[in-house]
Amino acid sequence: AGICPMIVGLLAKQGKFQPRYCPSPLLSQIQKLMSNKKLKVLPKQSVKLSTMTNYYPMILSERPAICNLVPPGQCQFNPTFQSVPLLDRVPCGTGGTSFLLRFGLPDDSKHMGLTTCACLLASCELTDRETGEKTEVTRPYTPISTNDQVGSFDLLIKDYGENGFLSKYLCEDLEIGAKVNFKHIDFNVKIPAPFKQKKIGMIAGGTGITPMIQALHAILGEGPEEQKSETDEVILLYGSRNKNDILGGDMLEKWASCHEGKFKHIDVLSHEPKDSDYTGERGFIDEEKIQKYFPPASLGDDVIIFVCGPPIMYDFLCGPRNEKEVSGILGKLG
């Protein structure tokens, strides 16, 4: 799990570690250490806890949904870019092209303070492959960690290789300890949680899954009663090319199992080989699948549909992002 059980046991005795964030293989060792009366706690000034407080596993299937909401305006990142280091990076999924990256925070004694749902802008100076000149590349990324995580935040990123620019740099070339610029602006705040709708349908394509994960934390996670959403059912249609392209699949499956009856996760694969062992939905997210799985528009204000994915998905399902009026399939269905 990346942390010495003895160290975590000491933290637990100090009340600095919460076992619900710990991978199960490590948890049994920690519980034994916590009951060991011979285990001594060092004075606070002798140990720098920093990012080890509220440890959150780098194993997606071991990550619980956590609801810890803050209002807009409290994020450590502001409209000015700030540099923070890459603390860790691990591959995840089955295709070898998805990575979980952990970055530090400007103040590593606090949580990030990002509202749900919202993203960050990441920026790096990279060399243009065609001209050889340095150019500033900026892209939006939505953290999949929550405000329970102190001193760091996590990004789930797809490595597009030569077809990507910043993603390739972050997943392949950026060294541990090297810094990346991040900022947060008011425009990057979308519909804030908690949500009032009883039924929520989610449509995600590719890396568009990360804002949905952030929203699912708020809907499914344990947290203060006053932060609870009124949602009793959420259904996710997640479109990918093939099984290897699914981001966060292990975590989504775990959450669907833990919250059976409230959360349902359906993968839709467009280019999965016909002879594979995959038995789920194939093709694209279309009118037939939306009507099959989503609640009807007749529920009125009790239902809402979230969409995040590539531009072609917006055009097909609900109309361009810069147009307020809903068109496409969702517009047709009301």
# chains A, B, ... in the order shown; residues from 1 in each chain; ligands from 1
$ residues_around --residues "Pro273 of chain A" --least-positions-apart "6" --cutoff "10 Å" --atoms "only C-alpha atoms" --output "list in words"
Arg241, Asn242 and Lys243 of chain A
$ write_last_selection --atoms "N, CA, C and O atoms" --output "compact mmCIF listing (two decimals), in the first residue's frame"
# COMPACT_ATOMS: atom_id res chain seq x y z
N ARG A 241 -14.12 3.08 -26.01
CA ARG A 241 -13.86 2.32 -27.23
C ARG A 241 -13.82 0.82 -26.93
O ARG A 241 -14.44 0.02 -27.63
N ASN A 242 -13.08 0.43 -25.91
CA ASN A 242 -12.98 -0.99 -25.55
C ASN A 242 -12.70 -1.10 -24.05
O ASN A 242 -12.59 -0.10 -23.35
N LYS A 243 -12.59 -2.33 -23.56
CA LYS A 243 -12.40 -2.56 -22.12
C LYS A 243 -11.16 -1.88 -21.59
O LYS A 243 -11.15 -1.39 -20.45
$ closest_atom_pairs --of "segment 134-250 of chain A" --to "segment 289-296 of chain A" --cutoff "12 Å" --atoms "only C-alpha atoms" --output "Markdown table"
| residue | atom | partner | partner_atom | distance |
| --- | --- | --- | --- | --- |
| A:Gln197 | CA | A:Pro295 | CA | 11.6 |
| A:Lys198 | CA | A:Pro295 | CA | 10.2 |
| A:Lys199 | CA | A:Pro295 | CA | 7.0 |
| A:Ile200 | CA | A:Pro295 | CA | 8.1 |
| A:Gly201 | CA | A:Phe294 | CA | 6.0 |
| A:Met202 | CA | A:Phe294 | CA | 8.8 |
| A:Ile203 | CA | A:Ile290 | CA | 9.1 |
| A:Asp232 | CA | A:Pro295 | CA | 12.0 |
| A:Glu233 | CA | A:Pro295 | CA | 9.4 |
| A:Val234 | CA | A:Phe294 | CA | 8.9 |
| A:Ile235 | CA | A:Phe294 | CA | 6.8 |
| A:Leu236 | CA | A:Phe294 | CA | 8.8 |
| A:Leu237 | CA | A:Ile290 | CA | 8.3 |
| A:Tyr238 | CA | A:Lys289 | CA | 11.2 |
| A:Gly239 | CA | A:Lys289 | CA | 11.4 |
$ residues_around --residues "Met313 of chain A" --least-positions-apart "6" --cutoff "12 Å" --atoms "only C-alpha atoms" --output "ChimeraX atom specification"
/A:203-206,208,238-240,284-286,307,319-321,327-330
$ closest_residue --among "A:Pro72, A:Gly151, A:Pro57, A:Pro224" --to "Cys119 of chain A" --atoms "only C-alpha atoms"
A:Pro72
$ closest_residue --among "A:Lys196, A:Lys324, A:Arg89, A:His111" --to "Leu174 of chain A" --atoms "only C-alpha atoms"
A:Arg89
$ residues_around --residues "Ile246 of chain A" --least-positions-apart "6" --cutoff "12 Å" --atoms "only C-alpha atoms" --output "PyMOL selection string"
chain A and resi 92-99+156-158+204-210+237-240+252-253+266-270+272
$ write_last_selection --atoms "N, CA and C atoms" --output "PDB file, in the first residue's frame"
ATOM      1  N   CYS A  92      -3.195   2.140 -13.649  1.00  0.00           N
ATOM      2  CA  CYS A  92      -4.430   1.517 -13.171  1.00  0.00           C
ATOM      3  C   CYS A  92      -5.229   1.004 -14.360  1.00  0.00           C
ATOM      4  N   GLY A  93      -6.174   0.138 -14.107  1.00  0.00           N
ATOM      5  CA  GLY A  93      -6.938  -0.441 -15.196  1.00  0.00           C
ATOM      6  C   GLY A  93      -6.180  -1.564 -15.874  1.00  0.00           C
ATOM      7  N   THR A  94      -6.722  -2.027 -17.009  1.00  0.00           N
ATOM      8  CA  THR A  94      -6.154  -3.195 -17.686  1.00  0.00           C
ATOM      9  C   THR A  94      -5.375  -2.844 -18.949  1.00  0.00           C
ATOM     10  N   GLY A  95      -5.503  -1.645 -19.450  1.00  0.00           N
ATOM     11  CA  GLY A  95      -4.881  -1.318 -20.724  1.00  0.00           C
ATOM     12  C   GLY A  95      -3.491  -0.740 -20.642  1.00  0.00           C
ATOM     13  N   GLY A  96      -3.055  -0.358 -19.427  1.00  0.00           N
ATOM     14  CA  GLY A  96      -1.725   0.210 -19.265  1.00  0.00           C
ATOM     15  C   GLY A  96      -1.601   1.644 -19.730  1.00  0.00           C
ATOM     16  N   THR A  97      -2.720   2.308 -20.031  1.00  0.00           N
ATOM     17  CA  THR A  97      -2.671   3.695 -20.496  1.00  0.00           C
ATOM     18  C   THR A  97      -3.395   4.653 -19.563  1.00  0.00           C
ATOM     19  N   SER A  98      -3.861   4.163 -18.427  1.00  0.00           N
ATOM     20  CA  SER A  98      -4.527   5.007 -17.439  1.00  0.00           C
ATOM     21  C   SER A  98      -3.643   5.112 -16.202  1.00  0.00           C
ATOM     22  N   PHE A  99      -3.566   6.317 -15.633  1.00  0.00           N
ATOM     23  CA  PHE A  99      -2.693   6.533 -14.484  1.00  0.00           C
ATOM     24  C   PHE A  99      -3.402   7.363 -13.426  1.00  0.00           C
ATOM     25  N   LEU A 156      -7.113  11.302 -12.252  1.00  0.00           N
ATOM     26  CA  LEU A 156      -7.160  10.082 -13.048  1.00  0.00           C
ATOM     27  C   LEU A 156      -7.040  10.506 -14.507  1.00  0.00           C
ATOM     28  N   ILE A 157      -5.930  10.114 -15.153  1.00  0.00           N
ATOM     29  CA  ILE A 157      -5.602  10.644 -16.482  1.00  0.00           C
ATOM     30  C   ILE A 157      -5.389   9.516 -17.476  1.00  0.00           C
ATOM     31  N   LYS A 158      -5.939   9.688 -18.656  1.00  0.00           N
ATOM     32  CA  LYS A 158      -5.716   8.768 -19.770  1.00  0.00           C
ATOM     33  C   LYS A 158      -4.515   9.244 -20.571  1.00  0.00           C
ATOM     34  N   ALA A 204     -21.269   9.669 -19.709  1.00  0.00           N
ATOM     35  CA  ALA A 204     -19.860  10.041 -19.759  1.00  0.00           C
ATOM     36  C   ALA A 204     -19.188   9.351 -20.932  1.00  0.00           C
ATOM     37  N   GLY A 205     -18.243  10.050 -21.535  1.00  0.00           N
ATOM     38  CA  GLY A 205     -17.443   9.486 -22.604  1.00  0.00           C
ATOM     39  C   GLY A 205     -15.972   9.700 -22.324  1.00  0.00           C
ATOM     40  N   GLY A 206     -15.167   8.624 -22.328  1.00  0.00           N
ATOM     41  CA  GLY A 206     -13.731   8.762 -22.126  1.00  0.00           C
ATOM     42  C   GLY A 206     -13.387   9.388 -20.788  1.00  0.00           C
ATOM     43  N   THR A 207     -12.544  10.436 -20.836  1.00  0.00           N
ATOM     44  CA  THR A 207     -12.111  11.095 -19.595  1.00  0.00           C
ATOM     45  C   THR A 207     -13.222  11.935 -18.966  1.00  0.00           C
ATOM     46  N   GLY A 208     -14.364  12.022 -19.637  1.00  0.00           N
ATOM     47  CA  GLY A 208     -15.518  12.708 -19.059  1.00  0.00           C
ATOM     48  C   GLY A 208     -16.078  11.990 -17.845  1.00  0.00           C
ATOM     49  N   ILE A 209     -15.489  10.843 -17.495  1.00  0.00           N
ATOM     50  CA  ILE A 209     -15.943  10.117 -16.317  1.00  0.00           C
ATOM     51  C   ILE A 209     -15.520  10.810 -15.022  1.00  0.00           C
ATOM     52  N   THR A 210     -14.438  11.601 -15.047  1.00  0.00           N
ATOM     53  CA  THR A 210     -13.914  12.151 -13.784  1.00  0.00           C
ATOM     54  C   THR A 210     -14.874  13.128 -13.094  1.00  0.00           C
ATOM     55  N   LEU A 237     -24.272   5.775 -17.697  1.00  0.00           N
ATOM     56  CA  LEU A 237     -23.939   5.185 -18.986  1.00  0.00           C
ATOM     57  C   LEU A 237     -22.554   5.707 -19.365  1.00  0.00           C
ATOM     58  N   TYR A 238     -21.583   4.800 -19.445  1.00  0.00           N
ATOM     59  CA  TYR A 238     -20.197   5.213 -19.665  1.00  0.00           C
ATOM     60  C   TYR A 238     -19.703   4.634 -20.992  1.00  0.00           C
ATOM     61  N   GLY A 239     -19.443   5.524 -21.956  1.00  0.00           N
ATOM     62  CA  GLY A 239     -19.003   5.109 -23.270  1.00  0.00           C
ATOM     63  C   GLY A 239     -17.489   5.096 -23.408  1.00  0.00           C
ATOM     64  N   SER A 240     -16.943   3.970 -23.887  1.00  0.00           N
ATOM     65  CA  SER A 240     -15.513   3.828 -24.152  1.00  0.00           C
ATOM     66  C   SER A 240     -15.334   3.044 -25.446  1.00  0.00           C
ATOM     67  N   LEU A 252     -15.687   2.027  -9.948  1.00  0.00           N
ATOM     68  CA  LEU A 252     -17.108   2.142 -10.270  1.00  0.00           C
ATOM     69  C   LEU A 252     -17.847   0.840  -9.969  1.00  0.00           C
ATOM     70  N   GLU A 253     -17.220  -0.296 -10.300  1.00  0.00           N
ATOM     71  CA  GLU A 253     -17.838  -1.589 -10.018  1.00  0.00           C
ATOM     72  C   GLU A 253     -17.984  -1.810  -8.519  1.00  0.00           C
ATOM     73  N   ILE A 266     -23.337   1.176 -16.207  1.00  0.00           N
ATOM     74  CA  ILE A 266     -23.415   0.429 -17.452  1.00  0.00           C
ATOM     75  C   ILE A 266     -22.349   0.913 -18.416  1.00  0.00           C
ATOM     76  N   ASP A 267     -21.427   0.027 -18.809  1.00  0.00           N
ATOM     77  CA  ASP A 267     -20.441   0.359 -19.826  1.00  0.00           C
ATOM     78  C   ASP A 267     -21.044   0.161 -21.212  1.00  0.00           C
ATOM     79  N   VAL A 268     -20.658   1.037 -22.143  1.00  0.00           N
ATOM     80  CA  VAL A 268     -21.080   0.925 -23.543  1.00  0.00           C
ATOM     81  C   VAL A 268     -19.808   1.017 -24.387  1.00  0.00           C
ATOM     82  N   LEU A 269     -19.438  -0.087 -25.041  1.00  0.00           N
ATOM     83  CA  LEU A 269     -18.176  -0.154 -25.777  1.00  0.00           C
ATOM     84  C   LEU A 269     -18.429  -0.133 -27.276  1.00  0.00           C
ATOM     85  N   SER A 270     -17.746   0.782 -27.961  1.00  0.00           N
ATOM     86  CA  SER A 270     -17.994   0.985 -29.396  1.00  0.00           C
ATOM     87  C   SER A 270     -17.095   0.142 -30.289  1.00  0.00           C
ATOM     88  N   GLU A 272     -15.116  -2.742 -29.101  1.00  0.00           N
ATOM     89  CA  GLU A 272     -14.664  -3.972 -28.453  1.00  0.00           C
ATOM     90  C   GLU A 272     -14.724  -5.126 -29.460  1.00  0.00           C
TER      91      GLU A 272
END
$ residues_around --residues "Lys190 of chain A" --least-positions-apart "3" --cutoff "8 Å" --atoms "only C-alpha atoms" --output "PDB file with C-alpha atoms, in the first residue's frame"
ATOM      1  CA  THR A 116     -18.294  19.738  -6.097  1.00  0.00           C
ATOM      2  CA  CYS A 117     -18.560  19.740  -9.091  1.00  0.00           C
ATOM      3  CA  ALA A 118     -15.499  21.698 -10.242  1.00  0.00           C
ATOM      4  CA  PHE A 187     -16.042  29.407 -14.383  1.00  0.00           C
TER       5      PHE A 187
END
$ atom_distance --atom1 "atom CA of Leu317 of chain A" --atom2 "atom CA of Gly331 of chain A"
7.9 Å
$ residues_around --residues "Ile176 of chain A" --least-positions-apart "2" --cutoff "6 Å" --atoms "only C-alpha atoms" --output "PyMOL selection string"
chain A and resi 86-87+178
$ atom_distance --atom1 "atom CA of Val303 of chain A" --atom2 "atom CA of Pro192 of chain A"
15.6 Å
$ select_by_dssp --residues "segment 205-257 of chain A" --states "alpha helix (DSSP H)" --output "ChimeraX atom specification"
/A:209-220,249-257
$ select_by_dssp --residues "segment 115-193 of chain A" --states "strand (DSSP E)" --output "list in words"
Leu120, Leu121, Ala122, Ser123, Cys124, Glu125, Leu126, Thr127, Lys134, Thr135, Glu136, Val137, Thr138, Arg139, Pro140, Tyr141, Ser152, Phe153, Asp154, Leu155, Leu156, Ile157, Lys158, Lys179, Val180, Asn181, Phe182 and Lys183 of chain A
$ closest_residue --among "A:Ile144, A:Ile312, A:Ile305, A:Ile219" --to "Arg63 of chain A" --atoms "only C-alpha atoms"
A:Ile144
$ closest_residue --among "A:Ala215, A:Val84, A:Cys318, A:Glu323" --to "Glu287 of chain A" --atoms "only C-alpha atoms"
A:Cys318
$ closest_residue --among "A:Arg282, A:Pro79, A:Ala65, A:Asp148" --to "Phe263 of chain A" --atoms "only C-alpha atoms"
A:Ala65
$ residues_around --residues "Lys134 of chain A" --least-positions-apart "5" --cutoff "10 Å" --atoms "only C-alpha atoms" --output "list in words"
Cys124, Glu125, Leu126, Thr127, Asp128 and Arg129 of chain A
$ write_last_selection --atoms "N, CA and C atoms" --output "mmCIF file, in the first residue's frame"
data_model
loop_
_atom_site.group_PDB
_atom_site.id
_atom_site.type_symbol
_atom_site.label_atom_id
_atom_site.label_comp_id
_atom_site.auth_asym_id
_atom_site.auth_seq_id
_atom_site.Cartn_x
_atom_site.Cartn_y
_atom_site.Cartn_z
ATOM 1 N N CYS A 124 1.676 23.440 -18.325
ATOM 2 C CA CYS A 124 3.101 23.128 -18.375
ATOM 3 C C CYS A 124 3.697 23.731 -19.646
ATOM 4 N N GLU A 125 4.970 24.094 -19.576
ATOM 5 C CA GLU A 125 5.688 24.547 -20.763
ATOM 6 C C GLU A 125 6.324 23.330 -21.432
ATOM 7 N N LEU A 126 5.856 23.012 -22.642
ATOM 8 C CA LEU A 126 6.320 21.837 -23.358
ATOM 9 C C LEU A 126 6.901 22.223 -24.704
ATOM 10 N N THR A 127 7.651 21.316 -25.279
ATOM 11 C CA THR A 127 8.253 21.558 -26.586
ATOM 12 C C THR A 127 7.317 21.105 -27.697
ATOM 13 N N ASP A 128 6.966 22.006 -28.591
ATOM 14 C CA ASP A 128 6.119 21.665 -29.731
ATOM 15 C C ASP A 128 6.834 20.659 -30.621
ATOM 16 N N ARG A 129 6.178 19.540 -30.917
ATOM 17 C CA ARG A 129 6.825 18.473 -31.687
ATOM 18 C C ARG A 129 7.137 18.893 -33.117
#
$ atom_distance --atom1 "atom CA of Cys258 of chain A" --atom2 "atom CA of Ile191 of chain A"
25.4 Å
$ closest_residue --among "A:Phe77, A:Tyr160, A:Trp255, A:Phe153" --to "Phe182 of chain A" --atoms "only C-alpha atoms"
A:Phe77
$ decode --residues "segment 73-121 of chain A" --atoms "N, CA and C atoms" --output "PDB file, in the first residue's frame"
ATOM      1  N   GLY A  73     -15.258  29.134  -3.516  1.00  0.00           N
ATOM      2  CA  GLY A  73     -14.455  30.231  -2.982  1.00  0.00           C
ATOM      3  C   GLY A  73     -13.452  29.829  -1.923  1.00  0.00           C
ATOM      4  N   GLN A  74     -13.361  28.544  -1.589  1.00  0.00           N
ATOM      5  CA  GLN A  74     -12.441  28.103  -0.542  1.00  0.00           C
ATOM      6  C   GLN A  74     -11.274  27.275  -1.066  1.00  0.00           C
ATOM      7  N   CYS A  75     -11.176  27.110  -2.371  1.00  0.00           N
ATOM      8  CA  CYS A  75     -10.123  26.278  -2.941  1.00  0.00           C
ATOM      9  C   CYS A  75      -8.743  26.898  -2.715  1.00  0.00           C
ATOM     10  N   GLN A  76      -7.759  26.051  -2.377  1.00  0.00           N
ATOM     11  CA  GLN A  76      -6.387  26.539  -2.216  1.00  0.00           C
ATOM     12  C   GLN A  76      -5.845  27.130  -3.516  1.00  0.00           C
ATOM     13  N   PHE A  77      -6.309  26.600  -4.636  1.00  0.00           N
ATOM     14  CA  PHE A  77      -5.902  27.157  -5.922  1.00  0.00           C
ATOM     15  C   PHE A  77      -6.834  28.314  -6.283  1.00  0.00           C
ATOM     16  N   ASN A  78      -6.245  29.400  -6.768  1.00  0.00           N
ATOM     17  CA  ASN A  78      -6.998  30.590  -7.126  1.00  0.00           C
ATOM     18  C   ASN A  78      -6.749  30.912  -8.597  1.00  0.00           C
ATOM     19  N   PRO A  79      -7.198  32.067  -9.107  1.00  0.00           N
ATOM     20  CA  PRO A  79      -7.003  32.390 -10.529  1.00  0.00           C
ATOM     21  C   PRO A  79      -5.551  32.581 -10.966  1.00  0.00           C
ATOM     22  N   THR A  80      -4.610  32.544 -10.033  1.00  0.00           N
ATOM     23  CA  THR A  80      -3.190  32.634 -10.374  1.00  0.00           C
ATOM     24  C   THR A  80      -2.554  31.251 -10.284  1.00  0.00           C
ATOM     25  N   PHE A  81      -1.812  30.861 -11.311  1.00  0.00           N
ATOM     26  CA  PHE A  81      -1.182  29.546 -11.309  1.00  0.00           C
ATOM     27  C   PHE A  81      -0.223  29.398 -10.129  1.00  0.00           C
ATOM     28  N   GLN A  82      -0.284  28.237  -9.469  1.00  0.00           N
ATOM     29  CA  GLN A  82       0.633  27.890  -8.381  1.00  0.00           C
ATOM     30  C   GLN A  82       1.265  26.529  -8.694  1.00  0.00           C
ATOM     31  N   SER A  83       2.550  26.387  -8.383  1.00  0.00           N
ATOM     32  CA  SER A  83       3.278  25.159  -8.690  1.00  0.00           C
ATOM     33  C   SER A  83       3.235  24.194  -7.509  1.00  0.00           C
ATOM     34  N   VAL A  84       2.893  22.935  -7.794  1.00  0.00           N
ATOM     35  CA  VAL A  84       2.897  21.897  -6.765  1.00  0.00           C
ATOM     36  C   VAL A  84       3.562  20.647  -7.341  1.00  0.00           C
ATOM     37  N   PRO A  85       4.166  19.815  -6.484  1.00  0.00           N
ATOM     38  CA  PRO A  85       4.927  18.661  -6.977  1.00  0.00           C
ATOM     39  C   PRO A  85       4.067  17.425  -7.232  1.00  0.00           C
ATOM     40  N   LEU A  86       4.541  16.599  -8.147  1.00  0.00           N
ATOM     41  CA  LEU A  86       3.971  15.264  -8.324  1.00  0.00           C
ATOM     42  C   LEU A  86       4.529  14.378  -7.213  1.00  0.00           C
ATOM     43  N   LEU A  87       3.645  13.804  -6.393  1.00  0.00           N
ATOM     44  CA  LEU A  87       4.061  12.986  -5.260  1.00  0.00           C
ATOM     45  C   LEU A  87       4.122  11.500  -5.594  1.00  0.00           C
ATOM     46  N   ASP A  88       3.221  11.062  -6.471  1.00  0.00           N
ATOM     47  CA  ASP A  88       3.171   9.640  -6.794  1.00  0.00           C
ATOM     48  C   ASP A  88       2.403   9.457  -8.103  1.00  0.00           C
ATOM     49  N   ARG A  89       2.672   8.343  -8.769  1.00  0.00           N
ATOM     50  CA  ARG A  89       1.951   8.023 -10.014  1.00  0.00           C
ATOM     51  C   ARG A  89       1.944   6.514 -10.174  1.00  0.00           C
ATOM     52  N   VAL A  90       0.763   5.944 -10.346  1.00  0.00           N
ATOM     53  CA  VAL A  90       0.659   4.497 -10.512  1.00  0.00           C
ATOM     54  C   VAL A  90      -0.255   4.193 -11.690  1.00  0.00           C
ATOM     55  N   PRO A  91       0.042   3.133 -12.463  1.00  0.00           N
ATOM     56  CA  PRO A  91      -0.858   2.722 -13.539  1.00  0.00           C
ATOM     57  C   PRO A  91      -2.094   2.078 -12.946  1.00  0.00           C
ATOM     58  N   CYS A  92      -3.195   2.140 -13.649  1.00  0.00           N
ATOM     59  CA  CYS A  92      -4.430   1.517 -13.171  1.00  0.00           C
ATOM     60  C   CYS A  92      -5.229   1.004 -14.360  1.00  0.00           C
ATOM     61  N   GLY A  93      -6.174   0.138 -14.107  1.00  0.00           N
ATOM     62  CA  GLY A  93      -6.938  -0.441 -15.196  1.00  0.00           C
ATOM     63  C   GLY A  93      -6.180  -1.564 -15.874  1.00  0.00           C
ATOM     64  N   THR A  94      -6.722  -2.027 -17.009  1.00  0.00           N
ATOM     65  CA  THR A  94      -6.154  -3.195 -17.686  1.00  0.00           C
ATOM     66  C   THR A  94      -5.375  -2.844 -18.949  1.00  0.00           C
ATOM     67  N   GLY A  95      -5.503  -1.645 -19.450  1.00  0.00           N
ATOM     68  CA  GLY A  95      -4.881  -1.318 -20.724  1.00  0.00           C
ATOM     69  C   GLY A  95      -3.491  -0.740 -20.642  1.00  0.00           C
ATOM     70  N   GLY A  96      -3.055  -0.358 -19.427  1.00  0.00           N
ATOM     71  CA  GLY A  96      -1.725   0.210 -19.265  1.00  0.00           C
ATOM     72  C   GLY A  96      -1.601   1.644 -19.730  1.00  0.00           C
ATOM     73  N   THR A  97      -2.720   2.308 -20.031  1.00  0.00           N
ATOM     74  CA  THR A  97      -2.671   3.695 -20.496  1.00  0.00           C
ATOM     75  C   THR A  97      -3.395   4.653 -19.563  1.00  0.00           C
ATOM     76  N   SER A  98      -3.861   4.163 -18.427  1.00  0.00           N
ATOM     77  CA  SER A  98      -4.527   5.007 -17.439  1.00  0.00           C
ATOM     78  C   SER A  98      -3.643   5.112 -16.202  1.00  0.00           C
ATOM     79  N   PHE A  99      -3.566   6.317 -15.633  1.00  0.00           N
ATOM     80  CA  PHE A  99      -2.693   6.533 -14.484  1.00  0.00           C
ATOM     81  C   PHE A  99      -3.402   7.363 -13.426  1.00  0.00           C
ATOM     82  N   LEU A 100      -3.112   7.019 -12.173  1.00  0.00           N
ATOM     83  CA  LEU A 100      -3.567   7.805 -11.037  1.00  0.00           C
ATOM     84  C   LEU A 100      -2.386   8.626 -10.558  1.00  0.00           C
ATOM     85  N   LEU A 101      -2.517   9.947 -10.579  1.00  0.00           N
ATOM     86  CA  LEU A 101      -1.438  10.851 -10.199  1.00  0.00           C
ATOM     87  C   LEU A 101      -1.825  11.601  -8.938  1.00  0.00           C
ATOM     88  N   ARG A 102      -0.898  11.639  -7.988  1.00  0.00           N
ATOM     89  CA  ARG A 102      -1.115  12.376  -6.746  1.00  0.00           C
ATOM     90  C   ARG A 102      -0.195  13.594  -6.713  1.00  0.00           C
ATOM     91  N   PHE A 103      -0.792  14.764  -6.548  1.00  0.00           N
ATOM     92  CA  PHE A 103      -0.046  16.018  -6.475  1.00  0.00           C
ATOM     93  C   PHE A 103      -0.157  16.622  -5.080  1.00  0.00           C
ATOM     94  N   GLY A 104       0.853  17.379  -4.701  1.00  0.00           N
ATOM     95  CA  GLY A 104       0.811  18.105  -3.448  1.00  0.00           C
ATOM     96  C   GLY A 104      -0.078  19.330  -3.544  1.00  0.00           C
ATOM     97  N   LEU A 105      -0.209  20.029  -2.429  1.00  0.00           N
ATOM     98  CA  LEU A 105      -1.008  21.254  -2.360  1.00  0.00           C
ATOM     99  C   LEU A 105      -0.127  22.411  -1.894  1.00  0.00           C
ATOM    100  N   PRO A 106      -0.523  23.653  -2.198  1.00  0.00           N
ATOM    101  CA  PRO A 106       0.248  24.807  -1.711  1.00  0.00           C
ATOM    102  C   PRO A 106       0.448  24.768  -0.198  1.00  0.00           C
ATOM    103  N   ASP A 107      -0.604  24.390   0.549  1.00  0.00           N
ATOM    104  CA  ASP A 107      -0.506  24.212   1.995  1.00  0.00           C
ATOM    105  C   ASP A 107      -0.792  22.747   2.284  1.00  0.00           C
ATOM    106  N   ASP A 108       0.261  21.977   2.589  1.00  0.00           N
ATOM    107  CA  ASP A 108       0.074  20.530   2.743  1.00  0.00           C
ATOM    108  C   ASP A 108      -0.490  20.136   4.101  1.00  0.00           C
ATOM    109  N   SER A 109      -0.875  21.099   4.910  1.00  0.00           N
ATOM    110  CA  SER A 109      -1.510  20.791   6.193  1.00  0.00           C
ATOM    111  C   SER A 109      -3.032  20.864   6.093  1.00  0.00           C
ATOM    112  N   LYS A 110      -3.551  21.214   4.913  1.00  0.00           N
ATOM    113  CA  LYS A 110      -4.995  21.384   4.732  1.00  0.00           C
ATOM    114  C   LYS A 110      -5.482  20.589   3.529  1.00  0.00           C
ATOM    115  N   HIS A 111      -6.809  20.439   3.453  1.00  0.00           N
ATOM    116  CA  HIS A 111      -7.387  19.825   2.260  1.00  0.00           C
ATOM    117  C   HIS A 111      -7.483  20.876   1.148  1.00  0.00           C
ATOM    118  N   MET A 112      -7.820  20.440  -0.058  1.00  0.00           N
ATOM    119  CA  MET A 112      -7.800  21.359  -1.193  1.00  0.00           C
ATOM    120  C   MET A 112      -8.904  22.415  -1.120  1.00  0.00           C
ATOM    121  N   GLY A 113     -10.082  22.035  -0.619  1.00  0.00           N
ATOM    122  CA  GLY A 113     -11.175  23.004  -0.519  1.00  0.00           C
ATOM    123  C   GLY A 113     -11.891  23.239  -1.835  1.00  0.00           C
ATOM    124  N   LEU A 114     -11.921  22.222  -2.689  1.00  0.00           N
ATOM    125  CA  LEU A 114     -12.580  22.354  -3.997  1.00  0.00           C
ATOM    126  C   LEU A 114     -14.048  21.986  -3.866  1.00  0.00           C
ATOM    127  N   THR A 115     -14.915  22.829  -4.416  1.00  0.00           N
ATOM    128  CA  THR A 115     -16.338  22.536  -4.387  1.00  0.00           C
ATOM    129  C   THR A 115     -16.673  21.435  -5.383  1.00  0.00           C
ATOM    130  N   THR A 116     -17.816  20.791  -5.201  1.00  0.00           N
ATOM    131  CA  THR A 116     -18.294  19.738  -6.097  1.00  0.00           C
ATOM    132  C   THR A 116     -19.538  20.258  -6.832  1.00  0.00           C
ATOM    133  N   CYS A 117     -19.534  20.284  -8.156  1.00  0.00           N
ATOM    134  CA  CYS A 117     -18.560  19.740  -9.091  1.00  0.00           C
ATOM    135  C   CYS A 117     -17.695  20.876  -9.673  1.00  0.00           C
ATOM    136  N   ALA A 118     -16.403  20.677  -9.735  1.00  0.00           N
ATOM    137  CA  ALA A 118     -15.499  21.698 -10.242  1.00  0.00           C
ATOM    138  C   ALA A 118     -14.196  21.050 -10.700  1.00  0.00           C
ATOM    139  N   CYS A 119     -13.480  21.780 -11.552  1.00  0.00           N
ATOM    140  CA  CYS A 119     -12.211  21.254 -12.068  1.00  0.00           C
ATOM    141  C   CYS A 119     -11.088  22.257 -11.835  1.00  0.00           C
ATOM    142  N   LEU A 120      -9.878  21.832 -12.163  1.00  0.00           N
ATOM    143  CA  LEU A 120      -8.693  22.679 -12.124  1.00  0.00           C
ATOM    144  C   LEU A 120      -8.143  22.828 -13.530  1.00  0.00           C
ATOM    145  N   LEU A 121      -7.335  23.858 -13.734  1.00  0.00           N
ATOM    146  CA  LEU A 121      -6.600  24.019 -14.983  1.00  0.00           C
ATOM    147  C   LEU A 121      -5.134  23.709 -14.695  1.00  0.00           C
TER     148      LEU A 121
END
